[in-house]
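Visitor: Dropping the structure in here first, questions after.
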Amino acid sequence: MKTTANPLNSLGAASDTATLDFSPKTRFRRRAGVVLCHVAEKHMLVPAMTNAVDLDCLFLLNDTGVFIWEQLDGQRQMVELGRALAGVFAVDAETATDDVAGFLANLFEENLVEIAGELGGPFGPVHYDGRPLRS
């Protein structure tokens, strides 16, 4: 089970993971087949892509991570997510946006979210390195 350290005890973003250089206008959406589960006051993302549950594939979230996850509809830019987070959790918008960027980079690296816009262009979502995503 993946547990994550969080720099401000807010997001669940690992502080030792290098943040990918996403534009503040990048929009993300939840990857199909990834489910948010609530069990015994714990929140976890579970990729429902196999018949067996692999505990190494669980990604634990705290309340702030859950808030961001629930906002990932592919419509909001990363900077908008940061402002929304700042409004709800009483942190300044710049810090919140930086934390959102780190959190989304972790989710992207774990293949739990995909890019919905800004980097996607007219042909749909692409990998961060520019390769088209295959469904």
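The chains in the structure tokens are called A, B, ... from first to last as shown; in each chain the residues are counted from 1, and the ligands are counted from 1 in the order shown.
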Give me the residues within 10 Å of Glu94 (chain A) as a list in words, counting only C-alpha atoms and dropping any in the same chain fewer than 6 places off.
Guide: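 Contacts, in chain order: Val79, Gly82, Arg83, Ala86 and Val100 of chain A.
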Visitor: Using only C-alpha atoms, please write the residues we just selected to a file, as a PDB file, in the first residue's frame.
Guide:
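The result, written out as part21.pdb:
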```pdb
ATOM      1  CA  VAL A  79      -4.428  26.909 -11.147  1.00  0.00           C
ATOM      2  CA  GLY A  82      -5.213  25.622  -6.394  1.00  0.00           C
ATOM      3  CA  ARG A  83      -7.558  28.568  -5.843  1.00  0.00           C
ATOM      4  CA  ALA A  86      -6.933  27.756  -0.938  1.00  0.00           C
ATOM      5  CA  VAL A 100      -1.809  20.663  -6.245  1.00  0.00           C
TER       6      VAL A 100
END
```
Visitor: Run DSSP on the backbone of this structure and report the residues of region 73-112 of chain A it assigns to strand (DSSP E or B), as a ChimeraX atom specification.
Guide: /A:73-77
Visitor: Quick one: write out the picked residues with C-alpha atoms as a PDB file, in the first residue's frame?
Guide:
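again35.pdb was written with the following content:
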```
ATOM      1  CA  ASP A  73     -13.495  16.495 -13.973  1.00  0.00           C
ATOM      2  CA  GLY A  74     -11.230  17.540 -16.853  1.00  0.00           C
ATOM      3  CA  GLN A  75     -12.717  21.042 -16.869  1.00  0.00           C
ATOM      4  CA  ARG A  76     -10.734  22.892 -14.193  1.00  0.00           C
ATOM      5  CA  GLN A  77      -7.203  24.077 -14.817  1.00  0.00           C
TER       6      GLN A  77
END
```
Visitor: Between A:Leu112, A:Leu60, A:Val66, A:Leu107, which one has atoms that come closest to Pro47 (chain A), using only C-alpha atoms?
Guide: A:Leu112
Visitor: What does the distance between CA of Gly102 (chain A) and CA of Ala48 (chain A) come to in Å, to one decimal place?
Guide: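 It comes out at 23.8 Å.
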Visitor: Neighbouring residues of Glu41 (chain A) were defined as those with any atom within 12 Å, considering only C-alpha atoms; residues of the same chain fewer than 4 positions away were excluded. Please report them as a list in words.
Guide: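 The residues satisfying every condition are Cys37, Leu60, Leu61, Asn62 and Asp63 of chain A.
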Visitor: What does the file look like for those residues with N, CA and C atoms, as a PDB file, in the first residue's frame?
Guide:
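And here's part-v4.pdb as it stands now:
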```pdb
ATOM      1  N   CYS A  37     -12.233   4.880  -2.569  1.00  0.00           N
ATOM      2  CA  CYS A  37     -12.915   4.075  -1.551  1.00  0.00           C
ATOM      3  C   CYS A  37     -12.670   4.690  -0.180  1.00  0.00           C
ATOM      4  N   LEU A  60      -3.126   6.044  -0.782  1.00  0.00           N
ATOM      5  CA  LEU A  60      -3.859   6.653   0.321  1.00  0.00           C
ATOM      6  C   LEU A  60      -3.951   8.171   0.160  1.00  0.00           C
ATOM      7  N   LEU A  61      -5.116   8.719   0.497  1.00  0.00           N
ATOM      8  CA  LEU A  61      -5.349  10.162   0.445  1.00  0.00           C
ATOM      9  C   LEU A  61      -5.823  10.658   1.797  1.00  0.00           C
ATOM     10  N   ASN A  62      -5.521  11.905   2.083  1.00  0.00           N
ATOM     11  CA  ASN A  62      -6.119  12.539   3.240  1.00  0.00           C
ATOM     12  C   ASN A  62      -7.296  13.393   2.740  1.00  0.00           C
ATOM     13  N   ASP A  63      -7.906  14.175   3.612  1.00  0.00           N
ATOM     14  CA  ASP A  63      -9.096  14.942   3.234  1.00  0.00           C
ATOM     15  C   ASP A  63      -8.819  15.929   2.105  1.00  0.00           C
TER      16      ASP A  63
END
```
Visitor: Record the distance separating CA of Phe59 (chain A) and CA of Thr97 (chain A), expressed in Å with one decimal.
Guide: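 According to the coordinates, CA of Phe59 (chain A) and CA of Thr97 (chain A) are separated by 20.8 Å.
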Visitor: Counting only C-alpha atoms, which of A:Ala101, A:Ala40, A:Leu72, A:Val35 gets nearest to Glu114 (chain A)?
Guide: A:Leu72
Visitor: Could you please determine the separation between CA of Val34 (chain A) and CA of Asp92 (chain A) in Å, to one decimal place?
Guide: 29.8 Å
Visitor: Nearest residue to Ala96 (chain A) out of A:Ile115, A:Val46, A:Arg31, A:Pro24, using only C-alpha atoms?
Guide: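 Ranking A:Ile115, A:Val46, A:Arg31, A:Pro24 by distance to Ala96 (chain A), first place goes to A:Pro24.
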